[in-house]
$ cat entry-v9.txt   # compact mmCIF, C-alpha atoms and all ligand atoms
# COMPACT_ATOMS: atom_id res chain seq x y z
CA MET A 1 68.18 90.12 87.37
CA THR A 2 71.86 89.21 87.52
CA GLN A 3 73.36 85.84 86.65
CA LEU A 4 73.89 85.35 90.39
CA GLU A 5 70.25 86.10 91.27
CA ARG A 6 68.92 83.92 88.49
CA ALA A 7 71.20 81.03 89.41
CA ALA A 8 70.22 81.40 93.08
CA LYS A 9 66.57 81.01 92.06
CA GLY A 10 67.49 77.76 90.34
CA GLU A 11 67.50 79.09 86.78
CA VAL A 12 70.02 77.67 84.32
CA THR A 13 70.87 80.62 82.11
CA GLU A 14 72.25 80.36 78.59
CA GLU A 15 75.51 81.80 79.93
CA ILE A 16 75.75 79.09 82.59
CA LYS A 17 75.17 76.42 79.94
CA ALA A 18 77.85 78.00 77.73
CA VAL A 19 80.41 78.14 80.57
CA ALA A 20 79.71 74.50 81.47
CA ALA A 21 80.16 73.43 77.83
CA ILE A 22 83.37 75.42 77.32
CA GLU A 23 84.94 74.18 80.55
CA GLY A 24 83.68 70.60 80.33
CA LEU A 25 81.85 70.79 83.67
CA ASP A 26 78.39 69.73 84.81
CA ILE A 27 75.82 72.48 84.30
CA GLU A 28 74.59 71.98 87.86
CA ILE A 29 78.07 72.57 89.31
CA VAL A 30 78.48 75.81 87.37
CA GLN A 31 74.99 76.94 88.35
CA ARG A 32 75.67 76.31 92.06
CA ARG A 33 78.98 78.18 91.90
CA VAL A 34 77.43 81.15 90.09
CA ALA A 35 74.65 81.19 92.71
CA SER A 36 77.19 81.26 95.53
CA GLY A 37 79.45 83.83 93.83
CA LYS A 38 82.38 81.44 93.36
CA ILE A 39 82.06 81.86 89.59
CA VAL A 40 81.26 85.14 87.85
CA ILE A 41 80.20 85.67 84.25
CA PRO A 42 80.89 89.19 82.97
CA SER A 43 78.03 89.46 80.52
CA ASN A 44 76.57 92.98 80.53
CA SER A 45 72.87 92.88 79.63
CA ASN A 46 73.50 95.59 76.98
CA ARG A 47 76.33 93.70 75.27
CA ARG A 48 76.03 89.97 75.05
CA LYS A 49 79.00 88.71 73.11
CA ARG A 50 81.52 86.08 74.10
CA VAL A 51 80.70 84.17 77.29
CA VAL A 52 83.59 83.78 79.72
CA GLY A 53 83.37 82.26 83.19
CA ILE A 54 85.86 83.20 85.90
CA GLY A 55 86.23 81.31 89.15
CA LYS A 56 86.35 78.04 90.97
CA GLY A 57 87.13 74.96 88.90
CA LEU A 58 87.47 76.90 85.65
CA ARG A 59 90.54 77.43 83.50
CA THR A 60 92.56 80.42 84.75
CA LYS A 61 91.59 83.38 82.61
CA VAL A 62 93.91 86.04 81.19
CA ASN A 63 93.13 89.73 80.90
CA ALA A 64 95.00 92.07 78.56
CA SER A 65 94.96 95.74 79.47
CA ILE A 66 95.26 98.40 76.82
CA GLY A 67 94.48 102.11 76.82
CA SER A 68 95.78 105.55 76.01
CA SER A 69 97.84 107.82 78.24
CA THR A 70 97.86 111.61 78.36
CA GLU A 71 101.03 111.43 76.22
CA ILE A 72 100.01 108.86 73.59
CA ALA A 73 96.33 108.70 72.65
CA ASP A 74 95.57 107.02 69.35
CA ILE A 75 92.21 105.32 68.83
CA ALA A 76 93.43 103.24 65.89
CA MET A 77 96.38 101.90 67.90
CA GLU A 78 94.19 100.99 70.87
CA VAL A 79 91.78 99.14 68.58
CA GLU A 80 94.74 97.33 67.02
CA LYS A 81 95.99 96.34 70.49
CA ALA A 82 92.52 95.08 71.43
CA LYS A 83 92.34 92.96 68.27
CA ILE A 84 95.82 91.55 68.88
CA ALA A 85 94.85 90.65 72.45
CA GLU A 86 91.84 88.76 71.13
CA GLN A 87 93.81 87.12 68.30
CA TYR A 88 96.49 85.78 70.67
CA GLY A 89 94.02 84.34 73.13
CA ALA A 90 93.26 86.84 75.90
CA ASP A 91 89.99 85.98 77.64
CA THR A 92 89.04 89.55 78.54
CA LEU A 93 90.28 93.04 77.79
CA MET A 94 90.49 96.10 80.00
CA ASP A 95 90.51 99.55 78.43
CA LEU A 96 92.42 101.72 80.89
CA SER A 97 92.50 104.87 78.77
CA VAL A 98 93.22 108.11 80.60
CA GLY A 99 94.10 110.39 77.68
CA GLY A 100 92.55 111.71 74.47
CA ASN A 101 88.99 110.75 73.61
CA ILE A 102 88.46 108.24 76.41
CA GLU A 103 84.83 107.56 75.56
CA GLY A 104 85.61 107.26 71.84
CA ILE A 105 88.37 104.73 72.48
CA ARG A 106 86.13 102.67 74.74
CA LYS A 107 83.28 102.59 72.25
CA ALA A 108 85.61 101.68 69.36
CA VAL A 109 87.10 98.85 71.42
CA LEU A 110 83.68 97.56 72.48
CA ASP A 111 82.70 97.44 68.79
CA ALA A 112 85.94 95.91 67.55
CA ILE A 113 86.17 92.75 69.64
CA SER A 114 83.94 90.08 71.13
CA LEU A 115 85.76 89.72 74.48
CA PRO A 116 84.17 90.99 77.70
CA VAL A 117 85.57 94.49 78.25
CA GLY A 118 86.48 95.94 81.63
CA THR A 119 87.27 99.51 82.70
CA VAL A 120 88.22 101.65 85.67
CA PRO A 121 85.48 104.31 85.69
CA LEU A 122 87.43 106.50 88.12
CA TYR A 123 89.87 107.32 85.35
CA GLU A 124 87.28 109.00 83.17
CA ALA A 125 85.76 110.77 86.19
CA PHE A 126 89.13 112.22 87.22
CA ALA A 127 90.02 113.09 83.60
CA ILE A 128 86.74 115.04 83.27
CA ALA A 129 87.39 116.74 86.63
CA ILE A 130 90.84 117.89 85.47
CA GLU A 131 89.38 119.30 82.27
CA LYS A 132 86.20 120.84 83.70
CA TYR A 133 87.15 121.79 87.24
CA GLY A 134 90.89 122.35 86.90
CA ALA A 135 92.09 119.49 89.13
CA ALA A 136 91.23 115.89 89.97
CA VAL A 137 90.66 116.83 93.62
CA ASN A 138 87.83 119.16 92.50
CA MET A 139 85.80 116.24 91.17
CA PRO A 140 82.20 116.24 92.42
CA ALA A 141 81.55 112.87 94.08
CA GLU A 142 78.44 112.42 91.97
CA LEU A 143 80.59 112.19 88.84
CA LEU A 144 81.93 108.83 90.02
CA PHE A 145 78.46 107.31 90.02
CA GLU A 146 77.58 108.96 86.70
CA MET A 147 80.66 107.38 85.08
CA ILE A 148 79.87 103.94 86.47
CA GLU A 149 76.32 104.23 85.12
CA LYS A 150 77.43 105.57 81.73
CA GLN A 151 80.07 102.89 81.18
CA CYS A 152 77.70 100.14 82.32
CA SER A 153 75.07 101.38 79.86
CA GLU A 154 77.64 101.14 77.03
CA GLY A 155 78.13 97.43 77.71
CA VAL A 156 81.23 97.26 79.94
CA GLY A 157 81.28 93.76 81.45
CA PHE A 158 83.36 94.33 84.57
CA MET A 159 84.76 97.32 86.38
CA ALA A 160 87.63 97.78 88.78
CA ILE A 161 86.19 100.11 91.39
CA HIS A 162 88.27 101.26 94.35
CA CYS A 163 85.70 100.86 97.13
CA GLY A 164 88.14 99.39 99.66
CA ILE A 165 90.07 102.59 100.26
CA ASN A 166 88.78 104.42 103.32
CA LYS A 167 89.96 106.89 105.91
CA ARG A 168 91.23 104.11 108.13
CA THR A 169 93.49 102.64 105.44
CA VAL A 170 94.84 106.09 104.57
CA GLU A 171 95.61 106.60 108.25
CA MET A 172 97.42 103.25 108.31
CA LEU A 173 99.50 104.33 105.33
CA ARG A 174 100.59 107.39 107.27
CA LYS A 175 101.32 105.41 110.44
CA GLN A 176 103.49 102.88 108.61
CA HIS A 177 105.53 105.83 107.22
CA TYR A 178 104.27 105.49 103.64
CA ARG A 179 106.04 103.02 101.33
CA TYR A 180 109.30 102.30 99.54
CA GLY A 181 107.55 102.31 96.17
CA GLY A 182 104.81 104.83 96.98
CA LEU A 183 101.30 104.24 95.68
CA VAL A 184 101.24 102.84 92.15
CA SER A 185 97.56 102.41 91.45
CA LYS A 186 96.31 105.42 89.48
CA GLY A 187 92.79 104.98 90.82
CA GLY A 188 94.14 104.48 94.33
CA SER A 189 96.45 107.49 94.39
CA TYR A 190 93.87 109.83 92.83
CA MET A 191 91.24 108.69 95.31
CA VAL A 192 93.59 109.18 98.26
CA ALA A 193 94.51 112.66 96.98
CA TRP A 194 90.80 113.51 96.64
CA MET A 195 90.04 112.28 100.17
CA GLU A 196 92.98 114.16 101.69
CA HIS A 197 92.14 117.38 99.86
CA ASN A 198 88.43 117.27 100.60
CA LYS A 199 88.78 115.76 104.09
CA ARG A 200 86.04 113.31 103.13
CA GLU A 201 85.44 109.58 103.10
CA ASN A 202 85.77 107.71 99.79
CA PRO A 203 82.27 108.04 98.23
CA LEU A 204 82.62 104.56 96.71
CA TYR A 205 83.09 103.10 100.19
CA GLU A 206 80.56 105.36 101.90
CA HIS A 207 77.87 104.70 99.28
CA PHE A 208 78.81 101.16 98.35
CA ASP A 209 75.13 100.24 98.01
CA ARG A 210 74.79 102.72 95.16
CA VAL A 211 77.71 101.13 93.33
CA VAL A 212 76.12 97.71 93.78
CA GLU A 213 72.74 98.94 92.64
CA ILE A 214 74.13 100.36 89.36
CA MET A 215 76.27 97.31 88.60
CA LYS A 216 73.32 95.01 89.24
CA ARG A 217 71.10 96.91 86.85
CA TYR A 218 73.39 95.91 83.96
CA ASP A 219 74.70 92.68 85.49
CA ALA A 220 78.27 93.98 85.27
CA VAL A 221 80.82 92.30 87.55
CA LEU A 222 82.15 94.49 90.36
CA SER A 223 85.89 93.92 90.62
CA LEU A 224 86.98 95.38 93.94
CA GLY A 225 90.05 97.37 92.95
CA ASN A 226 93.42 97.03 94.61
CA GLY A 227 94.23 100.71 95.09
CA PHE A 228 96.79 99.92 97.78
CA ARG A 229 98.51 97.10 95.95
CA ALA A 230 102.23 97.11 96.52
CA GLY A 231 104.26 98.59 93.68
CA ALA A 232 107.52 97.38 95.21
CA ILE A 233 108.59 93.99 96.53
CA HIS A 234 109.49 95.57 99.88
CA ASP A 235 105.96 96.89 100.32
CA ALA A 236 104.21 93.57 99.62
CA SER A 237 101.73 92.28 102.19
CA ASP A 238 102.10 95.38 104.36
CA ARG A 239 99.34 96.45 106.71
CA VAL A 240 97.72 98.76 104.18
CA GLN A 241 97.54 96.18 101.42
CA ILE A 242 96.14 93.53 103.73
CA GLN A 243 93.68 95.98 105.31
CA GLU A 244 92.33 96.93 101.89
CA MET A 245 92.05 93.26 100.96
CA LEU A 246 90.12 92.62 104.14
CA ILE A 247 87.68 95.45 103.34
CA ASN A 248 87.37 94.32 99.74
CA CYS A 249 86.59 90.77 100.85
CA GLU A 250 83.92 92.08 103.18
CA LEU A 251 82.47 94.24 100.38
CA ALA A 252 82.57 91.28 97.99
CA GLU A 253 80.34 89.39 100.39
CA LEU A 254 78.05 92.39 100.94
CA GLY A 255 77.66 92.93 97.19
CA ARG A 256 77.02 89.25 96.62
CA GLU A 257 74.34 89.20 99.32
CA GLN A 258 72.60 91.97 97.38
CA GLY A 259 72.76 89.93 94.16
CA CYS A 260 75.76 91.58 92.49
CA GLN A 261 78.51 89.49 90.90
CA THR A 262 81.78 90.41 92.61
CA MET A 263 85.46 89.55 92.53
CA VAL A 264 88.50 90.80 94.44
CA GLU A 265 91.73 92.19 92.97
CA GLY A 266 95.14 91.27 94.33
CA PRO A 267 98.73 92.40 94.08
CA GLY A 268 100.80 93.88 92.53
CA HIS A 269 104.48 93.34 93.33
CA ILE A 270 105.09 90.41 95.65
CA PRO A 271 107.92 87.98 96.45
CA ILE A 272 107.01 84.43 95.46
CA ASN A 273 106.94 83.14 99.06
CA GLU A 274 104.02 85.47 99.91
CA ILE A 275 101.76 84.60 96.97
CA GLU A 276 100.09 81.57 98.51
CA ALA A 277 99.27 83.37 101.76
CA ASN A 278 97.56 86.20 99.85
CA ILE A 279 95.42 83.70 97.95
CA ILE A 280 94.49 81.72 101.05
CA MET A 281 93.46 84.95 102.83
CA GLU A 282 91.43 86.26 99.92
CA LYS A 283 89.58 82.99 99.47
CA LYS A 284 88.85 82.55 103.19
CA MET A 285 87.86 86.13 103.89
CA SER A 286 85.65 86.61 100.83
CA GLY A 287 83.80 83.29 100.83
CA GLU A 288 85.74 82.23 97.71
CA SER A 289 85.06 85.21 95.51
CA PRO A 290 87.11 84.90 92.32
CA PHE A 291 90.59 86.36 92.83
CA TYR A 292 91.99 88.61 90.11
CA MET A 293 95.78 88.89 90.37
CA LEU A 294 97.47 91.85 88.71
CA GLY A 295 100.60 90.20 87.39
CA PRO A 296 101.87 89.66 90.02
CA ILE A 297 105.39 90.97 89.48
CA THR A 298 107.95 88.98 91.47
CA THR A 299 111.09 91.15 91.32
CA ASP A 300 111.64 94.86 90.80
CA ILE A 301 114.91 94.67 88.88
CA ALA A 302 113.99 93.37 85.42
CA PRO A 303 112.54 96.32 83.47
CA GLY A 304 112.05 95.24 79.87
CA TYR A 305 111.25 91.70 81.03
CA ASP A 306 108.32 92.27 83.34
CA HIS A 307 106.15 89.97 81.24
CA ILE A 308 108.51 87.26 82.56
CA THR A 309 108.64 88.46 86.19
CA ALA A 310 104.83 88.54 86.10
CA ALA A 311 104.51 85.17 84.36
CA ILE A 312 106.48 83.59 87.21
CA GLY A 313 104.05 85.14 89.69
CA ALA A 314 101.04 84.28 87.58
CA ALA A 315 101.99 80.61 87.27
CA LEU A 316 102.35 80.30 91.04
CA SER A 317 99.17 82.30 91.64
CA SER A 318 97.17 80.11 89.32
CA SER A 319 98.57 76.93 90.88
CA PHE A 320 97.56 78.20 94.35
CA GLY A 321 94.01 78.99 93.24
CA ALA A 322 93.92 82.46 91.66
CA ASP A 323 91.20 82.57 89.01
CA PHE A 324 92.05 85.47 86.79
CA ILE A 325 95.39 87.00 85.78
CA CYS A 326 96.05 90.45 84.41
CA TYR A 327 98.92 90.26 81.97
CA VAL A 328 102.01 92.46 82.11
CA THR A 329 103.89 93.53 78.99
CA PRO A 330 107.65 94.06 78.43
CA SER A 331 107.02 97.82 78.49
CA GLU A 332 105.77 97.81 82.11
CA HIS A 333 107.45 100.56 84.16
CA LEU A 334 108.98 101.99 80.97
CA GLY A 335 106.28 103.29 78.65
CA LEU A 336 102.88 102.73 77.05
CA PRO A 337 102.66 99.26 75.48
CA PHE A 338 102.61 99.05 71.70
CA PRO A 339 100.80 96.31 69.75
CA GLU A 340 103.84 93.97 69.71
CA ASP A 341 104.06 94.27 73.52
CA VAL A 342 100.43 93.16 73.80
CA ARG A 343 101.19 89.93 71.94
CA GLU A 344 104.21 89.21 74.19
CA GLY A 345 102.19 89.94 77.32
CA VAL A 346 99.20 87.81 76.33
CA ILE A 347 101.31 84.81 75.38
CA ALA A 348 103.48 85.04 78.53
CA SER A 349 100.39 85.23 80.70
CA ARG A 350 98.65 82.38 78.87
CA ILE A 351 101.72 80.18 79.38
CA ALA A 352 101.70 81.07 83.08
CA ALA A 353 97.98 80.40 83.45
CA HIS A 354 98.41 77.01 81.78
CA VAL A 355 101.38 76.10 83.99
CA GLY A 356 99.21 76.92 87.01
CA ASP A 357 96.24 74.98 85.66
CA MET A 358 98.44 71.91 85.24
CA ILE A 359 98.52 71.83 89.04
CA LYS A 360 95.22 73.48 89.98
CA LEU A 361 93.03 71.59 87.50
CA LYS A 362 95.39 68.69 86.78
CA ASN A 363 95.20 69.82 83.19
CA LEU A 364 98.06 67.73 81.78
CA HIS A 365 96.62 66.17 78.63
CA GLN A 366 97.97 68.75 76.19
CA ASP A 367 101.50 68.38 77.58
CA LYS A 368 101.33 64.60 77.25
CA GLU A 369 100.21 64.87 73.64
CA MET A 370 103.00 67.37 72.92
CA SER A 371 105.59 64.99 74.39
CA LYS A 372 104.49 62.20 72.10
CA ALA A 373 104.39 64.50 69.09
CA ARG A 374 107.96 65.63 69.88
CA ARG A 375 109.22 62.08 70.31
CA ASN A 376 107.62 61.13 67.00
CA MET A 377 108.71 64.39 65.34
CA GLN A 378 105.14 65.16 64.23
CA TRP A 379 105.65 68.82 63.54
CA ASP A 380 102.10 69.74 62.52
CA LYS A 381 100.74 68.16 65.67
CA GLN A 382 103.32 70.03 67.75
CA PHE A 383 102.24 73.31 66.16
CA SER A 384 98.56 72.58 66.73
CA LEU A 385 99.22 71.93 70.44
CA ALA A 386 101.44 74.99 70.90
CA ILE A 387 100.24 78.04 72.82
CA ASP A 388 101.63 80.25 70.03
CA PRO A 389 101.79 78.09 66.87
CA GLU A 390 102.73 81.09 64.75
CA ARG A 391 105.95 81.76 66.71
CA ALA A 392 106.85 78.04 66.73
CA LYS A 393 106.41 77.79 62.95
CA GLU A 394 108.44 80.97 62.34
CA ILE A 395 111.41 79.69 64.35
CA LYS A 396 111.29 76.23 62.78
CA ALA A 397 111.19 77.72 59.30
CA LYS A 398 114.08 80.12 59.94
CA ARG A 399 116.39 77.49 61.39
CA GLY A 400 115.65 74.62 59.01
CA ASN A 401 118.03 72.80 56.69
CA GLY A 402 115.57 72.32 53.85
CA ASP A 403 114.22 69.05 55.28
CA GLU A 404 111.00 70.00 56.99
CA HIS A 405 110.92 66.73 58.97
CA SER A 406 114.30 67.16 60.62
CA CYS A 407 115.45 69.51 63.33
CA THR A 408 118.74 71.42 63.31
CA MET A 409 119.05 71.63 67.09
CA CYS A 410 121.09 68.39 67.29
CA GLY A 411 121.03 67.48 63.60
CA LYS A 412 122.46 63.98 63.03
CA PHE A 413 122.76 63.58 66.81
CA CYS A 414 118.97 63.66 67.16
CA ALA A 415 118.18 61.53 70.21
CA ASN A 416 114.75 60.68 68.85
CA ASP A 417 116.12 59.45 65.54
CA ILE A 418 118.75 57.24 67.14
CA LEU A 419 116.20 55.25 69.17
CA ARG A 420 113.41 55.24 66.60
CA GLY A 421 111.84 51.79 66.25
CA MET A 422 113.66 50.28 69.25
CA PHE A 423 110.91 50.54 71.88
CA GLU A 424 107.69 50.52 69.84
CA SER A 425 106.81 46.93 70.80
CA ASP A 426 107.33 47.78 74.50
CA MET A 427 104.66 50.45 74.23
CA ALA A 428 101.93 48.14 72.96
CA GLY A 429 98.76 48.59 75.00
CA SER A 430 100.08 51.77 76.60
CA ASP A 431 98.88 55.35 76.09
CA LYS A 432 102.52 56.19 75.41
CA LYS A 433 101.92 55.04 71.84
S1 LIG B 501 117.29 67.22 66.85
FE1 LIG B 501 117.45 67.38 69.09
S2 LIG B 501 115.97 68.98 69.64
FE2 LIG B 501 115.49 68.36 67.56
S3 LIG B 501 113.96 66.75 67.77
FE3 LIG B 501 115.93 65.68 67.71
S4 LIG B 501 116.51 65.52 69.86
FE4 LIG B 501 114.89 67.05 69.78

$ encode --input "entry-v9.txt" --output "structure tokens"
Amino acid sequence: MTQLERAAKGEVTEEIKAVAAIEGLDIEIVQRRVASGKIVIPSNSNRRKRVVGIGKGLRTKVNASIGSSTEIADIAMEVEKAKIAEQYGADTLMDLSVGGNIEGIRKAVLDAISLPVGTVPLYEAFAIAIEKYGAAVNMPAELLFEMIEKQCSEGVGFMAIHCGINKRTVEMLRKQHYRYGGLVSKGGSYMVAWMEHNKRENPLYEHFDRVVEIMKRYDAVLSLGNGFRAGAIHDASDRVQIQEMLINCELAELGREQGCQTMVEGPGHIPINEIEANIIMEKKMSGESPFYMLGPITTDIAPGYDHITAAIGAALSSSFGADFICYVTPSEHLGLPFPEDVREGVIASRIAAHVGDMIKLKNLHQDKEMSKARRNMQWDKQFSLAIDPERAKEIKAKRGNGDEHSCTMCGKFCANDILRGMFESDMAGSDKK
């Protein structure tokens, strides 16, 4: 049985207890939210490692995506990226490999880290089709279900599966005269090409019950993929994207009713004034399924800095109620991320998630403590409260003057030093002490 089914029967699973303890919530609240699908726990029954809850009332979680391409496929580098993602605080990891030994990379990553691992099983199915049948459009539909089953059996905790693409949405894409930025989801564009070539419905939509049945068997979380997410600001919230979201929300409910843990994926590229509306729609239409935002990237003109454009979107998304954020690295739109890009992406996304949680969860304690530590120039405390203590220590050490207690930013003009001792008695009895 899945976490959802067990919770719905009134069982308090070990995973529910762990999520409640980690998040500082009542066990009963977590259990009720798992039972109603508002919280998911990606804990494949074949790979029980770190427990992570995603959803209502929980800290916004950060996913780091790694994976080979057809041009650069190096198992050791992907394992290194996975370890860096874990080291710098990602909550989950997606292996999006499409090149080289896809299965070998996935297995090595599953062994190397304790985070829940997600995949997009379509990638491997299409890669096999290209190799075996000469083209992705020649893929036998059955291969999709075989890949979902195989990856579930290996212990994959959640999967982005593009069930929400159907003939109607493809027709809408045509009627709206395509898009400024085209289709940018690999799974989405390959699926559309397959449907157009074969003149057939998307098998993952047509046989959604089969997808649910496989995912349930391993208690993997079905993440309803955003194949029509906008890849350009000018395409955001167009009819096709919203139509797919509507279908995905409906499927999230259907899957949940059958006992499968589900979540819905969101954009993509989006201007900041449209973020809240997307979140409100997803939450209302899906019955509050966890919302997994990909980025989102908030301008198209900052290649090299898309970890920042996405962090802006992620902070707003989190503050408006998004539950799960997929990081973006500085190499987005330019090339395959290297290990140093993974660190940048994870930290940027963690900062954004925290900024959102300050509003969404009123999680302000750490900031208050940091303020006091800064005023009192308690450097060790500042480092211990920092999202990336290593970076903070490096900068402090490089720009010091030999006195580890002072700061060279203002030097003898240090505002804190000038007023030291003058207001201490006024703070008596206050938590400002
Ligand atoms: S020197 Fe300036 S930046 Fe550094 S602690 Fe003092 S006031 Fe802050």

$ residues_around --input "entry-v9.txt" --residues "region 85-92 of chain A" --least-positions-apart "2" --cutoff "7 Å" --atoms "only C-alpha atoms" --output "VMD selection string"
chain A and resid 61 to 64 81 to 83 94 115 to 117 342 to 343 346 to 347

$ residues_around --input "entry-v9.txt" --residues "Leu294 (chain A)" --least-positions-apart "5" --cutoff "10 Å" --atoms "all atoms listed in the file" --output "PDB file with C-alpha atoms, keeping the file's coordinate frame"
ATOM      1  CA  ASN A  63      93.130  89.730  80.900  1.00  0.00           C
ATOM      2  CA  ASN A 226      93.420  97.030  94.610  1.00  0.00           C
ATOM      3  CA  ARG A 229      98.510  97.100  95.950  1.00  0.00           C
ATOM      4  CA  GLU A 265      91.730  92.190  92.970  1.00  0.00           C
ATOM      5  CA  GLY A 266      95.140  91.270  94.330  1.00  0.00           C
ATOM      6  CA  PRO A 267      98.730  92.400  94.080  1.00  0.00           C
ATOM      7  CA  GLY A 268     100.800  93.880  92.530  1.00  0.00           C
ATOM      8  CA  HIS A 269     104.480  93.340  93.330  1.00  0.00           C
ATOM      9  CA  ALA A 310     104.830  88.540  86.100  1.00  0.00           C
ATOM     10  CA  GLY A 313     104.050  85.140  89.690  1.00  0.00           C
ATOM     11  CA  ALA A 314     101.040  84.280  87.580  1.00  0.00           C
ATOM     12  CA  PHE A 324      92.050  85.470  86.790  1.00  0.00           C
ATOM     13  CA  ILE A 325      95.390  87.000  85.780  1.00  0.00           C
ATOM     14  CA  CYS A 326      96.050  90.450  84.410  1.00  0.00           C
ATOM     15  CA  TYR A 327      98.920  90.260  81.970  1.00  0.00           C
ATOM     16  CA  VAL A 328     102.010  92.460  82.110  1.00  0.00           C
TER      17      VAL A 328
END

$ residues_near_ligand --input "entry-v9.txt" --ligand "ligand LIG 501 (chain B)" --cutoff "9 Å" --atoms "only C-alpha atoms and all ligand atoms" --output "number ranges by chain"
A: 374-377, 406-418

$ atom_distance --input "entry-v9.txt" --atom1 "CA of Thr262 (chain A)" --atom2 "CA of Ser36 (chain A)"
10.6 Å

$ residues_near_point --input "entry-v9.txt" --point "(70.4, 96.2, 78.0)" --cutoff "8 Å" --atoms "all atoms listed in the file" --output "list in words"
Asn44, Ser45, Asn46, Arg47, Ser153, Gly155 and Tyr218 of chain A

$ residues_around --input "entry-v9.txt" --residues "region 124-126 of chain A" --least-positions-apart "4" --cutoff "10 Å" --atoms "all atoms listed in the file" --output "PDB file with C-alpha atoms, keeping the file's coordinate frame"
ATOM      1  CA  LEU A  96      92.420 101.720  80.890  1.00  0.00           C
ATOM      2  CA  SER A  97      92.500 104.870  78.770  1.00  0.00           C
ATOM      3  CA  VAL A  98      93.220 108.110  80.600  1.00  0.00           C
ATOM      4  CA  GLY A  99      94.100 110.390  77.680  1.00  0.00           C
ATOM      5  CA  ASN A 101      88.990 110.750  73.610  1.00  0.00           C
ATOM      6  CA  ILE A 102      88.460 108.240  76.410  1.00  0.00           C
ATOM      7  CA  GLU A 103      84.830 107.560  75.560  1.00  0.00           C
ATOM      8  CA  THR A 119      87.270  99.510  82.700  1.00  0.00           C
ATOM      9  CA  VAL A 120      88.220 101.650  85.670  1.00  0.00           C
ATOM     10  CA  ILE A 130      90.840 117.890  85.470  1.00  0.00           C
ATOM     11  CA  GLU A 131      89.380 119.300  82.270  1.00  0.00           C
ATOM     12  CA  LYS A 132      86.200 120.840  83.700  1.00  0.00           C
ATOM     13  CA  TYR A 133      87.150 121.790  87.240  1.00  0.00           C
ATOM     14  CA  ALA A 135      92.090 119.490  89.130  1.00  0.00           C
ATOM     15  CA  ALA A 136      91.230 115.890  89.970  1.00  0.00           C
ATOM     16  CA  VAL A 137      90.660 116.830  93.620  1.00  0.00           C
ATOM     17  CA  ASN A 138      87.830 119.160  92.500  1.00  0.00           C
ATOM     18  CA  MET A 139      85.800 116.240  91.170  1.00  0.00           C
ATOM     19  CA  PRO A 140      82.200 116.240  92.420  1.00  0.00           C
ATOM     20  CA  ALA A 141      81.550 112.870  94.080  1.00  0.00           C
ATOM     21  CA  GLU A 142      78.440 112.420  91.970  1.00  0.00           C
ATOM     22  CA  LEU A 143      80.590 112.190  88.840  1.00  0.00           C
ATOM     23  CA  LEU A 144      81.930 108.830  90.020  1.00  0.00           C
ATOM     24  CA  PHE A 145      78.460 107.310  90.020  1.00  0.00           C
ATOM     25  CA  GLU A 146      77.580 108.960  86.700  1.00  0.00           C
ATOM     26  CA  MET A 147      80.660 107.380  85.080  1.00  0.00           C
ATOM     27  CA  ILE A 148      79.870 103.940  86.470  1.00  0.00           C
ATOM     28  CA  GLN A 151      80.070 102.890  81.180  1.00  0.00           C
ATOM     29  CA  GLY A 187      92.790 104.980  90.820  1.00  0.00           C
ATOM     30  CA  TYR A 190      93.870 109.830  92.830  1.00  0.00           C
ATOM     31  CA  MET A 191      91.240 108.690  95.310  1.00  0.00           C
ATOM     32  CA  TRP A 194      90.800 113.510  96.640  1.00  0.00           C
TER      33      TRP A 194
END

$ atom_distance --input "entry-v9.txt" --atom1 "CA of Ala76 (chain A)" --atom2 "CA of Leu336 (chain A)"
14.6 Å

$ residues_near_point --input "entry-v9.txt" --point "(84.9, 91.6, 103.2)" --cutoff "12 Å" --atoms "only C-alpha atoms" --output "PyMOL selection string"
chain A and resi 163-164+224+242-257+262-264+281-289

$ atom_distance --input "entry-v9.txt" --atom1 "CA of Thr60 (chain A)" --atom2 "CA of Glu14 (chain A)"
21.2 Å

$ residues_around --input "entry-v9.txt" --residues "Gln31 (chain A)" --least-positions-apart "3" --cutoff "9 Å" --atoms "only C-alpha atoms" --output "PyMOL selection string"
chain A and resi 4+7-8+10-13+16-17+20+26-28+34-36+39

$ closest_residue --input "entry-v9.txt" --among "A:Trp379, A:Val156, A:Arg6, A:Asn166" --to "Asp403 (chain A)" --atoms "all atoms listed in the file"
A:Trp379

$ closest_residue --input "entry-v9.txt" --among "A:Val240, A:Val184, A:Ile275, A:Ala392" --to "Val170 (chain A)" --atoms "only C-alpha atoms"
A:Val240

$ residues_around --input "entry-v9.txt" --residues "Met1 (chain A)" --least-positions-apart "4" --cutoff "8 Å" --atoms "all atoms listed in the file" --output "list in words"
Glu5, Arg6, Lys216, Arg217 and Asp219 of chain A

$ closest_residue --input "entry-v9.txt" --among "A:Glu154, A:Leu173, A:Arg50, A:Ala386" --to "Ile113 (chain A)" --atoms "all atoms listed in the file"
A:Arg50

$ closest_residue --input "entry-v9.txt" --among "A:Gly400, A:Pro121, A:Gly67, A:Gly100" --to "Gly225 (chain A)" --atoms "all atoms listed in the file"
A:Pro121
